[in-house]
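Taking it in order: structure first as structure tokens, then the write-up.
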Amino acid sequence: MTRTMRVNNRYRYLAGAATAAILLSLSVAPATAQAAPEAPCNADSLVKETLPNGTTWQMCWRIHKLAGLVLDKVFVSSTRYPEPVQVLDSIALAQLNVPYDSGAVEYNDLTDFGFGGDDLQTLGGDDCKGGSARVGSDNAPEPQRRSVLCVSAEPSGLAYRLQSPEENKPPIAKQGHDLVLRTISKVGWYEYITEYRFADNGRITARLGATGDLSPGDFVTPDKGWPIGKGAQSYSTNHYHSAFWRVDFNIAGAGKEKVEQYDTKRAGSGSGSAIFKTAKTDIPKEGSFTKVNRRWWRVVSSTSKNKDQHLRSYELDTGANDAYEAHPETTPDVTFTQQHPCELFATGNADPQCTNRKTILDYTRDKETMTDPIMWVRVGFHHIPRDEDQSPMPVHWQGFDLTPRDFTEMGTLTPPERDGNNGGPGGQ
Amino acid sequence: MDRKKRATRKRWLAWSAVAATAVLSAAFGIASLDAFAEPTPSTAPKVAADPPEVSNPSPGPERATGVGDDPLTVQEVDKARAIALTPELVDSAKDVTGKKGPEYLSSEIVEGGKGRDAAFYFYDYNSDELVKQIVDVTGGKVTGSFRAKDMQLPASDREVAEALDLVLADPVGADVQKLYTEVTGQPWSGKDKLKVEAHVYNARPADTATSQCGQHRCLQLVARVTDGPFVDLNDIIIDLSGRTVVRVK
């Protein structure tokens, strides 16, 4: 934390100085490009790319022997908002629990095997087609420098579209892009893709892809599997992939975020339709939470505001998600804990420096008040094999989005002609 | 900036083309009515979007030291590992083969450390403890020493090799050789025919023969024929601490 705060303070200072310089220069000369923040890592560990719409993402990357790809010090800026602002202190996988429905086997692929080291794959073939394969340490016990990180910019489809108010003018429309970082780890017959997508609109998507091959040795009775060979035989075992991510926000480098839960509930009927009311529940203390219809959470800065005077935040959006109720750790959707350096994995956390902190259940037990919340996101996928899974298995994905909410007072891609469209008519 | 300008120019050209097409369509309106309806896409502008690009920097030379939370460099690992292996640790601990000195498992940069701090993880087979040595890499000294029972990290290559040796020396080894012949149609000709990795195995509530696993260091092998298919050895648990092999099914 000491280092983090120091880096961030220096960064804010530089950013502030640059802003002042720009303000001063406005009266005497055209604004010059803003001074880039001091890189918090070596050039080989730095990813800094500008997408076609002008959004720049900057971060440091490294490989952890167990967690695989770790991204640190994630900053975003855009043409409309050129000052880089920090979003994350770090994001990484925090467990991958794979139990088979037969009741015979169960793996914890991060803490019992590891995504880094020798099991991290050297990129080849089409692994990084159209992208840049970056060389870095695989963090094996005797580390090797290899091509392990793929950095690419990928089209994300239509970012927005609005009919032009003027006749015979094309619509106001833009194609969006994502900056994509991915690594591949081989764990037995499965191959896992760790992927982070940084969109030009500020959204961050974390997801895990699974490919490789189905287990060659797990075949069961029809009630626990699916026949993938000829006729009614070779019932490949159904199984779970419960993935956890550890997300450490540091919004605008200010830290001290708060956690909020929002619920929207039916509150009677109006003259034209049903009434729904949305209410906030503060989550000041550590705990685990589960989604219900229309429930969501956000991590909100306690000090940093956009120009509309709204506190900056990122919200958690989960999609398809099968909870695994056989373990208390894999049942809730999200856990919030106070930041502690030795709490890195959702389960199987093996650190002799803090022996009583092995799982998120331990982390939340004392219901500590959070001044620097960590968000542990669990996303589960129950895999019922199918004929098409062989072979290689088509990639299946599981993950979540972190969507900016009030991070900027308007969209990062909003074109100048929509400048006045902030709030009600007349900008109220 | 260049790319943006290029894109702007391209869009401009594209819309000029639309305008030109529109004029042409108007001029030859009647003809095009007679013509067998050409699908609209042929008259639509072909906007060849720039393929999105990222920079593709050449990797710099191997660095001696990292910055901030950069991964430990080869030099840092070499230097700090020697420091982590204090004389006391080497004297008291045993490795997976029973020799003096702990079994080296892995190293990590200590995130958010004041300087370049590295955590080195070892397993002491003498006491069945996971050992963590924190080394101030720049200062060249051990700044923290921790050990705990009932904690396991993934296996080292040496441990996996030792586990396979234990399996092959056990009566279960004959079954492995038989399985190899079933899978390949070839007679067993030595352990180099198997490529082996391993999961650490922790005892489940219902375990009896392997109930020590977790307090002991146990492995479950993931084996494949070298350049060939997987061989299912899931039901074999190797207790490296007790140097025993158990078939669990």
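As shown in the structure tokens, the chain order sets the letters A, B, ...; within each chain, residues go from 1, and ligands are also counted from 1 in the order they appear.
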Range 283-287 of chain A environment, 6 Å, only C-alpha atoms, sequence neighbours closer than 6 positions dropped, as a list of chain:residue names: A:Val259, A:Glu260, A:Thr335, A:Phe336, A:Thr337, A:Thr364, A:Lys367, A:Glu368, A:Thr369, A:Met370
Please identify every residue of chain A that has at least one atom no more than 6 Å from any atom of chain B, counting only C-alpha atoms, and report them as a ChimeraX atom specification. /A:1,3,41-42,62,112-113,132,141,143,152-153,188,217,350,352-353
Env of Leu89 in chain B: 9 Å cut, atoms = only C-alpha atoms, seq-sep filter 5 positions within chain, self excluded. Answer as an NGL selection string. :B and (84 or 101-102 or 124)
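Nearest residue to Leu66 in chain A among A:Val98, A:Ile374, A:Val135, A:Leu120 is A:Leu120, counting only C-alpha atoms.
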Report as number ranges by chain: the residues of range 88-188 of chain A with a DSSP assignment of strand (DSSP E or B), based on the backbone of this structure. A: 88-100, 106-108, 120, 132-137, 145-162, 172-187
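Near Phe75 in chain A, within a cut-off of 8 Å and counting only C-alpha atoms, sit the residues Trp57, Gln58, Met59, Pro84, Val85, Gln86, Val87 and Leu88 of chain A, with same-chain residues fewer than 3 positions away left out.
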Would you put the residues from that selection into a file with N, CA and C atoms, as a short mmCIF file (atom, residue, chain, number, x, y, z; two decimals), in the first residue's frame?
data_model
loop_
_atom_site.label_atom_id
_atom_site.label_comp_id
_atom_site.auth_asym_id
_atom_site.auth_seq_id
_atom_site.Cartn_x
_atom_site.Cartn_y
_atom_site.Cartn_z
N TRP A 57 -5.70 3.14 -22.79
CA TRP A 57 -5.60 2.35 -21.56
C TRP A 57 -4.14 2.11 -21.26
N GLN A 58 -3.77 2.23 -20.01
CA GLN A 58 -2.39 1.96 -19.59
C GLN A 58 -2.40 1.08 -18.36
N MET A 59 -1.51 0.09 -18.37
CA MET A 59 -1.42 -0.81 -17.21
C MET A 59 -0.09 -1.54 -17.21
N PRO A 84 -5.33 11.06 -17.75
CA PRO A 84 -5.46 9.66 -17.32
C PRO A 84 -5.93 9.57 -15.87
N VAL A 85 -6.91 8.74 -15.64
CA VAL A 85 -7.46 8.55 -14.29
C VAL A 85 -7.36 7.07 -13.95
N GLN A 86 -6.90 6.78 -12.76
CA GLN A 86 -6.76 5.37 -12.37
C GLN A 86 -8.12 4.73 -12.10
N VAL A 87 -8.24 3.48 -12.50
CA VAL A 87 -9.45 2.70 -12.22
C VAL A 87 -9.13 1.59 -11.21
N LEU A 88 -8.13 0.78 -11.56
CA LEU A 88 -7.82 -0.39 -10.74
C LEU A 88 -6.40 -0.32 -10.19
#
Name the closest residue to Asp72 in chain A among the candidates A:Leu96, A:Ala279, A:Asp248, A:Glu49; distances are taken between atoms, counting only C-alpha atoms. A:Asp248
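The space between CA of Gly380 in chain A and CA of Ala346 in chain A spans 13.6 Å.
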12 Å contact set for range 200-203 of chain A, only C-alpha atoms, chain neighbours under 4 positions out, as JSON, numbers by chain: {"A": [49, 50, 51, 52, 53, 54, 55, 56, 57, 74, 75, 76, 77, 78, 79, 80, 81, 84, 85, 86, 87, 88, 153, 154, 155, 156, 157, 158, 159, 160, 174, 175, 176, 177, 178, 179, 180, 196, 313, 314, 315, 316, 317, 400, 401, 402, 403, 404, 405, 406, 407, 408, 410, 411, 412, 413, 414]}
